[in-house]
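Data file: run_37.cif. Format and content: mmCIF, C-alpha atoms and all ligand atoms.
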```cif
data_work
loop_
_atom_site.group_PDB
_atom_site.id
_atom_site.type_symbol
_atom_site.label_atom_id
_atom_site.label_comp_id
_atom_site.auth_asym_id
_atom_site.auth_seq_id
_atom_site.Cartn_x
_atom_site.Cartn_y
_atom_site.Cartn_z
ATOM 1 C CA MET A 19 4.760 -28.547 -8.082
ATOM 2 C CA THR A 20 2.561 -31.234 -9.619
ATOM 3 C CA GLU A 21 -1.200 -31.187 -9.392
ATOM 4 C CA ALA A 22 -1.667 -33.945 -6.871
ATOM 5 C CA THR A 23 1.024 -32.862 -4.467
ATOM 6 C CA ILE A 24 0.597 -29.119 -4.114
ATOM 7 C CA THR A 25 -0.788 -28.215 -0.705
ATOM 8 C CA ASN A 26 -2.975 -25.210 0.135
ATOM 9 C CA THR A 27 -0.006 -23.782 2.047
ATOM 10 C CA GLU A 28 2.194 -24.035 -1.065
ATOM 11 C CA LEU A 29 -0.534 -22.290 -3.090
ATOM 12 C CA LEU A 30 -0.529 -19.535 -0.457
ATOM 13 C CA GLU A 31 3.262 -19.233 -0.582
ATOM 14 C CA LEU A 32 3.107 -18.768 -4.361
ATOM 15 C CA ALA A 33 0.302 -16.199 -4.006
ATOM 16 C CA VAL A 34 2.289 -14.218 -1.406
ATOM 17 C CA ASP A 35 5.503 -14.214 -3.469
ATOM 18 C CA VAL A 36 3.660 -12.986 -6.554
ATOM 19 C CA ALA A 37 1.585 -10.415 -4.596
ATOM 20 C CA ARG A 38 4.786 -8.909 -3.152
ATOM 21 C CA GLU A 39 6.242 -8.524 -6.636
ATOM 22 C CA ALA A 40 3.045 -6.956 -7.993
ATOM 23 C CA ALA A 41 2.828 -4.613 -4.983
ATOM 24 C CA ALA A 42 6.416 -3.462 -5.583
ATOM 25 C CA LEU A 43 5.516 -2.659 -9.209
ATOM 26 C CA VAL A 44 2.352 -0.775 -8.172
ATOM 27 C CA ARG A 45 4.285 1.177 -5.518
ATOM 28 C CA GLU A 46 6.963 2.139 -8.070
ATOM 29 C CA ARG A 47 4.399 3.245 -10.668
ATOM 30 C CA ARG A 48 2.575 5.296 -8.025
ATOM 31 C CA ARG A 49 5.713 7.414 -7.721
ATOM 32 C CA GLU A 50 5.334 8.226 -11.435
ATOM 33 C CA HIS A 51 2.361 9.959 -13.096
ATOM 34 C CA VAL A 52 -0.721 7.698 -13.312
ATOM 35 C CA ASP A 53 -3.327 8.170 -16.036
ATOM 36 C CA VAL A 54 -6.709 6.640 -16.802
ATOM 37 C CA ALA A 55 -6.281 4.103 -19.646
ATOM 38 C CA ALA A 56 -9.989 3.377 -20.148
ATOM 39 C CA THR A 57 -13.396 3.266 -18.452
ATOM 40 C CA LYS A 58 -15.631 0.200 -17.912
ATOM 41 C CA THR A 59 -19.222 0.135 -16.548
ATOM 42 C CA SER A 60 -19.445 3.932 -16.290
ATOM 43 C CA ALA A 61 -17.381 7.087 -16.757
ATOM 44 C CA THR A 62 -16.137 6.750 -13.158
ATOM 45 C CA ASP A 63 -15.255 3.041 -13.410
ATOM 46 C CA VAL A 64 -11.659 3.514 -14.470
ATOM 47 C CA VAL A 65 -8.712 1.264 -15.278
ATOM 48 C CA THR A 66 -5.109 2.441 -15.420
ATOM 49 C CA LEU A 67 -2.197 0.986 -17.370
ATOM 50 C CA VAL A 68 -0.809 -0.109 -14.004
ATOM 51 C CA ASP A 69 -3.879 -2.287 -13.275
ATOM 52 C CA ARG A 70 -3.165 -4.086 -16.577
ATOM 53 C CA GLU A 71 0.592 -4.269 -15.954
ATOM 54 C CA SER A 72 0.046 -5.711 -12.483
ATOM 55 C CA GLU A 73 -2.388 -8.313 -13.832
ATOM 56 C CA ALA A 74 0.033 -9.281 -16.623
ATOM 57 C CA LEU A 75 2.858 -9.725 -14.090
ATOM 58 C CA ILE A 76 0.705 -11.838 -11.763
ATOM 59 C CA ARG A 77 -0.610 -13.955 -14.615
ATOM 60 C CA GLY A 78 2.899 -14.498 -16.014
ATOM 61 C CA ARG A 79 4.413 -15.549 -12.684
ATOM 62 C CA ILE A 80 1.596 -17.929 -11.850
ATOM 63 C CA HIS A 81 1.613 -19.414 -15.337
ATOM 64 C CA ASP A 82 5.377 -19.984 -15.133
ATOM 65 C CA ALA A 83 4.947 -21.829 -11.819
ATOM 66 C CA ARG A 84 1.701 -23.625 -12.660
ATOM 67 C CA PRO A 85 0.975 -23.630 -16.444
ATOM 68 C CA ASP A 86 -2.178 -25.803 -16.188
ATOM 69 C CA ASP A 87 -4.091 -23.645 -13.682
ATOM 70 C CA GLY A 88 -7.090 -21.449 -14.520
ATOM 71 C CA PHE A 89 -6.964 -17.682 -14.079
ATOM 72 C CA LEU A 90 -9.680 -15.050 -13.615
ATOM 73 C CA GLY A 91 -8.520 -11.440 -13.433
ATOM 74 C CA GLU A 92 -10.443 -8.154 -13.156
ATOM 75 C CA GLU A 93 -8.736 -6.702 -16.207
ATOM 76 C CA GLY A 94 -9.934 -9.361 -18.608
ATOM 77 C CA SER A 95 -7.928 -12.514 -18.044
ATOM 78 C CA ASP A 96 -10.291 -15.487 -18.042
ATOM 79 C CA ASP A 97 -8.656 -18.869 -18.651
ATOM 80 C CA ALA A 98 -10.333 -22.115 -17.504
ATOM 81 C CA GLY A 99 -7.062 -24.064 -17.312
ATOM 82 C CA THR A 100 -6.902 -27.892 -17.174
ATOM 83 C CA SER A 101 -6.025 -28.422 -13.499
ATOM 84 C CA THR A 102 -8.391 -28.271 -10.486
ATOM 85 C CA VAL A 103 -6.828 -24.984 -9.361
ATOM 86 C CA ARG A 104 -7.974 -21.515 -10.483
ATOM 87 C CA TRP A 105 -6.528 -18.165 -9.451
ATOM 88 C CA ILE A 106 -8.879 -15.193 -8.839
ATOM 89 C CA VAL A 107 -7.011 -11.888 -9.030
ATOM 90 C CA ASP A 108 -7.630 -8.198 -8.478
ATOM 91 C CA PRO A 109 -4.355 -6.562 -9.612
ATOM 92 C CA ILE A 110 -5.270 -3.277 -7.854
ATOM 93 C CA ASP A 111 -8.324 -3.283 -5.612
ATOM 94 C CA GLY A 112 -9.128 0.350 -4.925
ATOM 95 C CA THR A 113 -8.180 1.657 -8.365
ATOM 96 C CA VAL A 114 -9.801 5.058 -7.825
ATOM 97 C CA ASN A 115 -7.780 5.519 -4.635
ATOM 98 C CA PHE A 116 -4.632 4.451 -6.534
ATOM 99 C CA LEU A 117 -5.396 6.963 -9.312
ATOM 100 C CA TYR A 118 -5.768 9.770 -6.746
ATOM 101 C CA GLY A 119 -2.710 8.639 -4.759
ATOM 102 C CA LEU A 120 -4.977 7.991 -1.782
ATOM 103 C CA ALA A 121 -4.578 4.960 0.513
ATOM 104 C CA PRO A 122 -5.802 2.240 0.738
ATOM 105 C CA TYR A 123 -5.411 0.019 -2.308
ATOM 106 C CA ALA A 124 -4.353 -3.612 -2.468
ATOM 107 C CA VAL A 125 -3.244 -6.569 -4.552
ATOM 108 C CA SER A 126 -5.655 -9.454 -3.979
ATOM 109 C CA ILE A 127 -4.889 -13.053 -5.038
ATOM 110 C CA ALA A 128 -7.034 -16.098 -4.180
ATOM 111 C CA ALA A 129 -6.469 -19.753 -5.105
ATOM 112 C CA GLU A 130 -9.551 -21.887 -5.639
ATOM 113 C CA ARG A 131 -9.436 -25.704 -5.741
ATOM 114 C CA GLU A 132 -12.449 -27.421 -7.297
ATOM 115 C CA GLY A 133 -14.530 -24.287 -6.811
ATOM 116 C CA VAL A 134 -13.595 -23.735 -3.141
ATOM 117 C CA VAL A 135 -11.249 -20.888 -2.161
ATOM 118 C CA VAL A 136 -8.406 -22.544 -0.221
ATOM 119 C CA ALA A 137 -5.797 -19.774 0.031
ATOM 120 C CA GLY A 138 -5.758 -15.989 -0.225
ATOM 121 C CA VAL A 139 -3.575 -12.935 0.238
ATOM 122 C CA VAL A 140 -4.604 -9.278 0.371
ATOM 123 C CA LEU A 141 -1.532 -7.028 0.327
ATOM 124 C CA ASP A 142 -2.210 -3.422 1.382
ATOM 125 C CA VAL A 143 0.274 -1.672 -0.943
ATOM 126 C CA PRO A 144 0.837 1.740 0.778
ATOM 127 C CA THR A 145 1.347 0.162 4.250
ATOM 128 C CA ASP A 146 2.880 -3.122 2.991
ATOM 129 C CA THR A 147 0.516 -5.040 5.320
ATOM 130 C CA GLU A 148 -0.118 -8.681 4.358
ATOM 131 C CA TYR A 149 -3.372 -10.407 5.209
ATOM 132 C CA THR A 150 -3.285 -14.141 4.492
ATOM 133 C CA ALA A 151 -5.593 -17.097 4.920
ATOM 134 C CA VAL A 152 -5.278 -20.807 4.218
ATOM 135 C CA ARG A 153 -7.776 -23.657 4.489
ATOM 136 C CA GLY A 154 -6.408 -26.541 6.509
ATOM 137 C CA SER A 155 -6.912 -30.283 5.945
ATOM 138 C CA GLY A 156 -9.829 -30.248 8.430
ATOM 139 C CA ASP A 157 -11.399 -27.378 6.444
ATOM 140 C CA GLY A 158 -10.612 -24.933 9.247
ATOM 141 C CA VAL A 159 -9.172 -21.641 7.977
ATOM 142 C CA THR A 160 -6.174 -19.848 9.538
ATOM 143 C CA SER A 161 -5.981 -16.087 9.048
ATOM 144 C CA ARG A 162 -2.984 -13.843 9.763
ATOM 145 C CA ARG A 163 -1.835 -10.244 9.404
ATOM 146 C CA ASP A 164 1.898 -9.994 8.828
ATOM 147 C CA GLY A 165 2.215 -13.543 10.148
ATOM 148 C CA GLU A 166 0.295 -12.946 13.392
ATOM 149 C CA PRO A 167 -3.138 -14.523 14.086
ATOM 150 C CA ILE A 168 -6.098 -12.121 13.872
ATOM 151 C CA SER A 169 -9.681 -12.309 15.093
ATOM 152 C CA VAL A 170 -12.909 -10.369 14.789
ATOM 153 C CA ARG A 171 -14.116 -7.836 17.329
ATOM 154 C CA GLU A 172 -15.911 -9.044 20.456
ATOM 155 C CA ASP A 173 -19.677 -8.789 20.755
ATOM 156 C CA THR A 174 -21.128 -5.271 21.183
ATOM 157 C CA PRO A 175 -24.635 -3.845 20.613
ATOM 158 C CA LEU A 176 -25.351 -2.958 16.959
ATOM 159 C CA ALA A 177 -25.746 0.698 17.959
ATOM 160 C CA GLU A 178 -21.983 0.735 18.666
ATOM 161 C CA TRP A 179 -20.967 -0.865 15.360
ATOM 162 C CA LEU A 180 -18.510 0.733 12.942
ATOM 163 C CA VAL A 181 -19.565 -0.503 9.514
ATOM 164 C CA GLY A 182 -17.632 -0.492 6.242
ATOM 165 C CA THR A 183 -19.460 -0.058 2.934
ATOM 166 C CA GLY A 184 -19.003 1.120 -0.628
ATOM 167 C CA PHE A 185 -20.891 2.481 -3.615
ATOM 168 C CA ASN A 186 -21.198 1.164 -7.131
ATOM 169 C CA TYR A 187 -19.890 2.866 -10.272
ATOM 170 C CA VAL A 188 -23.414 2.860 -11.766
ATOM 171 C CA PRO A 189 -25.307 6.006 -10.578
ATOM 172 C CA GLU A 190 -28.718 4.288 -10.317
ATOM 173 C CA VAL A 191 -27.289 1.618 -8.006
ATOM 174 C CA ARG A 192 -25.443 4.285 -6.015
ATOM 175 C CA ALA A 193 -28.748 6.120 -5.456
ATOM 176 C CA LEU A 194 -30.313 2.946 -3.979
ATOM 177 C CA GLN A 195 -27.208 2.302 -1.839
ATOM 178 C CA ALA A 196 -27.311 5.895 -0.528
ATOM 179 C CA GLN A 197 -30.961 5.481 0.529
ATOM 180 C CA ALA A 198 -30.127 2.203 2.309
ATOM 181 C CA ILE A 199 -27.122 3.680 4.138
ATOM 182 C CA ALA A 200 -29.241 6.676 5.219
ATOM 183 C CA ARG A 201 -31.676 4.221 6.845
ATOM 184 C CA LEU A 202 -28.918 2.119 8.458
ATOM 185 C CA LEU A 203 -26.875 5.029 9.872
ATOM 186 C CA PRO A 204 -29.193 5.922 12.815
ATOM 187 C CA THR A 205 -29.002 2.276 13.981
ATOM 188 C CA ILE A 206 -25.168 1.997 14.126
ATOM 189 C CA ARG A 207 -22.169 3.995 15.431
ATOM 190 C CA ASP A 208 -20.883 5.182 11.999
ATOM 191 C CA ILE A 209 -19.776 4.094 8.530
ATOM 192 C CA ARG A 210 -16.435 4.032 6.765
ATOM 193 C CA ARG A 211 -16.095 4.158 2.986
ATOM 194 C CA MET A 212 -12.439 3.273 2.341
ATOM 195 C CA GLY A 213 -12.641 2.176 -1.322
ATOM 196 C CA SER A 214 -11.277 -1.390 -1.305
ATOM 197 C CA ALA A 215 -13.634 -4.330 -0.699
ATOM 198 C CA ALA A 216 -10.717 -6.736 -0.210
ATOM 199 C CA LEU A 217 -9.298 -4.572 2.610
ATOM 200 C CA ASP A 218 -12.764 -3.871 4.041
ATOM 201 C CA LEU A 219 -13.218 -7.629 4.559
ATOM 202 C CA CYS A 220 -9.772 -7.794 6.201
ATOM 203 C CA ARG A 221 -10.812 -4.980 8.549
ATOM 204 C CA VAL A 222 -13.699 -7.104 9.825
ATOM 205 C CA ALA A 223 -11.187 -9.958 10.238
ATOM 206 C CA GLU A 224 -8.788 -7.858 12.346
ATOM 207 C CA GLY A 225 -11.541 -6.107 14.305
ATOM 208 C CA THR A 226 -11.070 -2.589 12.949
ATOM 209 C CA TYR A 227 -14.637 -2.817 11.587
ATOM 210 C CA ASP A 228 -17.582 -4.526 13.262
ATOM 211 C CA GLY A 229 -19.273 -5.277 9.938
ATOM 212 C CA TYR A 230 -19.218 -4.724 6.173
ATOM 213 C CA VAL A 231 -21.882 -4.624 3.449
ATOM 214 C CA GLU A 232 -21.582 -3.721 -0.226
ATOM 215 C CA GLU A 233 -23.397 -4.477 -3.466
ATOM 216 C CA GLY A 234 -21.900 -4.793 -6.947
ATOM 217 C CA LEU A 235 -18.789 -6.829 -6.116
ATOM 218 C CA HIS A 236 -17.076 -9.408 -8.287
ATOM 219 C CA PRO A 237 -15.174 -12.597 -7.318
ATOM 220 C CA TRP A 238 -11.847 -10.751 -7.686
ATOM 221 C CA ASP A 239 -12.986 -8.092 -5.165
ATOM 222 C CA HIS A 240 -14.012 -10.501 -2.379
ATOM 223 C CA SER A 241 -12.529 -14.028 -2.800
ATOM 224 C CA ALA A 242 -9.280 -13.581 -0.838
ATOM 225 C CA GLY A 243 -10.647 -11.074 1.702
ATOM 226 C CA ALA A 244 -13.670 -13.281 2.450
ATOM 227 C CA LEU A 245 -11.406 -16.230 3.334
ATOM 228 C CA VAL A 246 -9.340 -13.970 5.616
ATOM 229 C CA ALA A 247 -12.551 -12.868 7.359
ATOM 230 C CA GLN A 248 -13.872 -16.447 7.722
ATOM 231 C CA GLY A 249 -10.599 -17.627 9.255
ATOM 232 C CA ALA A 250 -10.821 -14.842 11.846
ATOM 233 C CA GLY A 251 -14.318 -15.795 13.032
ATOM 234 C CA ALA A 252 -16.580 -13.922 10.623
ATOM 235 C CA THR A 253 -19.507 -15.118 8.541
ATOM 236 C CA VAL A 254 -19.541 -13.986 4.900
ATOM 237 C CA GLU A 255 -22.723 -14.199 2.813
ATOM 238 C CA LEU A 256 -23.100 -13.502 -0.898
ATOM 239 C CA THR A 257 -26.672 -12.603 -1.784
ATOM 240 C CA ARG A 258 -28.674 -10.373 -4.132
ATOM 241 C CA GLY A 259 -28.604 -6.635 -3.541
ATOM 242 C CA VAL A 260 -31.375 -4.100 -4.065
ATOM 243 C CA GLY A 261 -29.741 -3.108 -7.380
ATOM 244 C CA GLY A 262 -29.856 -6.715 -8.586
ATOM 245 C CA ARG A 263 -26.130 -7.310 -8.210
ATOM 246 C CA VAL A 264 -24.102 -9.516 -5.888
ATOM 247 C CA ALA A 265 -24.101 -8.110 -2.353
ATOM 248 C CA VAL A 266 -21.547 -9.175 0.248
ATOM 249 C CA ILE A 267 -22.450 -9.134 3.962
ATOM 250 C CA CYS A 268 -19.659 -9.818 6.475
ATOM 251 C CA ALA A 269 -19.760 -9.737 10.272
ATOM 252 C CA PRO A 270 -18.534 -11.744 13.263
ATOM 253 C CA GLU A 271 -20.489 -15.004 13.659
ATOM 254 C CA HIS A 272 -21.817 -13.795 17.042
ATOM 255 C CA GLY A 273 -23.484 -10.718 15.487
ATOM 256 C CA PHE A 274 -24.139 -11.828 11.906
ATOM 257 C CA ARG A 275 -27.887 -12.479 12.196
ATOM 258 C CA THR A 276 -28.526 -9.115 13.870
ATOM 259 C CA PHE A 277 -26.425 -7.272 11.287
ATOM 260 C CA ARG A 278 -28.019 -9.118 8.368
ATOM 261 C CA ASP A 279 -31.501 -8.224 9.630
ATOM 262 C CA ALA A 280 -30.419 -4.582 9.999
ATOM 263 C CA VAL A 281 -29.004 -4.300 6.456
ATOM 264 C CA ASP A 282 -32.063 -6.095 5.065
ATOM 265 C CA GLY A 283 -34.380 -3.792 7.010
ATOM 266 C CA ALA A 284 -32.467 -0.766 5.690
ATOM 267 C CA GLY A 285 -33.072 -1.857 2.097
ATOM 268 C CA PHE A 286 -29.664 -3.114 1.002
ATOM 269 C CA LEU A 287 -31.022 -6.431 -0.250
ATOM 270 C CA ALA A 288 -33.399 -7.532 -3.001
ATOM 271 C CA ALA A 289 -36.781 -8.708 -1.807
ATOM 272 C CA PRO A 290 -37.019 -12.530 -1.572
ATOM 273 C CA GLY A 291 -37.780 -14.067 -4.948
ATOM 274 C CA GLU A 292 -36.825 -10.865 -6.853
HETATM 275 C C1 LIG B 301 -13.563 -1.412 -5.924
HETATM 276 C C2 LIG B 301 -14.070 -2.140 -4.701
HETATM 277 C C3 LIG B 301 -14.792 -1.165 -3.774
HETATM 278 C C4 LIG B 301 -15.958 -0.585 -4.485
HETATM 279 C C5 LIG B 301 -15.496 0.118 -5.723
HETATM 280 C C6 LIG B 301 -14.717 -0.825 -6.645
HETATM 281 P P1 LIG B 301 -11.860 -1.860 -7.898
HETATM 282 O O1 LIG B 301 -12.930 -2.321 -6.761
HETATM 283 O O2 LIG B 301 -13.003 -2.687 -4.030
HETATM 284 O O3 LIG B 301 -15.248 -1.798 -2.619
HETATM 285 O O4 LIG B 301 -16.653 0.290 -3.649
HETATM 286 O O5 LIG B 301 -16.638 0.619 -6.383
HETATM 287 O O6 LIG B 301 -15.558 -1.824 -7.117
HETATM 288 O O7 LIG B 301 -12.697 -1.399 -9.087
HETATM 289 O O8 LIG B 301 -11.032 -0.749 -7.380
HETATM 290 O O9 LIG B 301 -11.090 -3.102 -8.188
#
```

Before anything else, please render the file you have as structure tokens.
Amino acid sequence: MTEATITNTELLELAVDVAREAAALVRERRREHVDVAATKTSATDVVTLVDRESEALIRGRIHDARPDDGFLGEEGSDDAGTSTVRWIVDPIDGTVNFLYGLAPYAVSIAAEREGVVVAGVVLDVPTDTEYTAVRGSGDGVTSRRDGEPISVREDTPLAEWLVGTGFNYVPEVRALQAQAIARLLPTIRDIRRMGSAALDLCRVAEGTYDGYVEEGLHPWDHSAGALVAQGAGATVELTRGVGGRVAVICAPEHGFRTFRDAVDGAGFLAAPGE
């Protein structure tokens, strides 16, 4: 699969094949005892040996198929490559859930071409559900769940919205997020904190959430899921959160402005110019 000829669909096919293999490994290891291997940004930001094993498998398979591509992985892989393609990988998104044996958690693989994400797969490991998205020649994106087209929820008043969110591993940021969610809650139906940003974005795409907002995410958390959401009719914005980190806002195009104003009003976002 030479540089010039590989299509976005072929990149997606490679991503799906490799995600299935990594998911099988993660599923198998979950049946065994899982331990914390190390911590990262805080005592609760954990990594297991399985996160590293999954990343090593994904990196190896992709390198075998496409040795010149770049690779960015949550567990430390960061290789620029020499081709125009770069892979952005979260080997287990929802690591705390995985550690506790609690669904959901996912393998997330995105392919970026010249800085634009053109293909992505989010594989929900416990349910073996595959969310995929691919950017077409006309730049339109096609999103599917287990091969079937998906689309965002129809328009409803914000007060009836079910909103997904999450909290950072750093306590000070969590305190700010908790204050913001306390202000948002009276204006919406309810929140869900499921523990995997990649799957949260897919829930907006399939209409099981009306909206999603979270601060403190990295490219490996959101790249594939954001493309799935965009292909299903959602708008995804990356901006600066109240804690100074990257905040992701995702909602159907028809309700995005209203939702963005609500999360801004509740204090999720940094003040302009901050
Ligand atoms: C997780 C995200 C989740 C967030 C967690 C964590 P990880 O990623 O998917 O949305 O709330 O704090 O960042 O660390 O399991 O790959």

Discussion item. Counting all atoms listed in the file, what are the residues, protein, DNA or RNA alike, that approach ligand LIG 301 (chain B) to within 9 Å? I want them as a ChimeraX atom specification.
Written reply: /A:63-65,69,92,108-116,123-124,183-188,211-218,232-236,238-240

Worksheet item: How would you write, as an NGL selection string, the residues chosen by the PyMOL selection byres (((chain A and resi 173) around 8) and not hetatm) on this structure?
Response: :A and (171-172 or 174-175 or 272-273)

Worksheet item: Rounded to one decimal in Å, what is the spacing between CA of Val159 (chain A) and CA of Thr276 (chain A)?
Response: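 Computed distance, CA of Val159 (chain A) to CA of Thr276 (chain A), equals 23.8 Å.
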
Worksheet entry | Coordinates-based distance that separates CA of Ala223 (chain A) from CA of Arg201 (chain A) (Å, one decimal) |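 A separation of 25.1 Å between them.
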
Contacts of region 160-271 of chain A with region 148-155 of chain A up to 10 Å, shortest pair per row, only C-alpha atoms, as a tab-separated table:
```
residue	atom	partner	partner_atom	distance
A:Thr160	CA	A:Ala151	CA	5.4
A:Ser161	CA	A:Ala151	CA	4.3
A:Arg162	CA	A:Thr150	CA	5.3
A:Arg163	CA	A:Tyr149	CA	4.5
A:Asp164	CA	A:Glu148	CA	5.1
A:Gly165	CA	A:Thr150	CA	7.9
A:Glu166	CA	A:Tyr149	CA	9.3
A:Pro167	CA	A:Thr150	CA	9.6
A:Ile168	CA	A:Tyr149	CA	9.2
A:Ala216	CA	A:Tyr149	CA	9.8
A:Leu217	CA	A:Tyr149	CA	8.7
A:Cys220	CA	A:Tyr149	CA	7.0
A:Arg221	CA	A:Tyr149	CA	9.8
A:Ala223	CA	A:Tyr149	CA	9.3
A:Glu224	CA	A:Tyr149	CA	9.3
A:Ala242	CA	A:Ala151	CA	7.7
A:Gly243	CA	A:Tyr149	CA	8.1
A:Ala244	CA	A:Ala151	CA	9.3
A:Leu245	CA	A:Ala151	CA	6.1
A:Val246	CA	A:Ala151	CA	4.9
A:Ala247	CA	A:Ala151	CA	8.5
A:Gln248	CA	A:Ala151	CA	8.8
A:Gly249	CA	A:Ala151	CA	6.6
A:Ala250	CA	A:Ala151	CA	9.0
```

Discussion item. I need the residue nearest Ser72 (chain A) from this list: A:Thr57, A:Ile127, A:Glu28, A:Gly285. Use all atoms listed in the file for the distance.
Written reply: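 Among the listed residues, A:Ile127 lies closest to Ser72 (chain A).
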
Fill in: Residue list as a ChimeraX atom specification for point (-19.1, -17.6, -1.1), cut-off 8 Å, all atoms listed in the file
/A:241,244,254-256
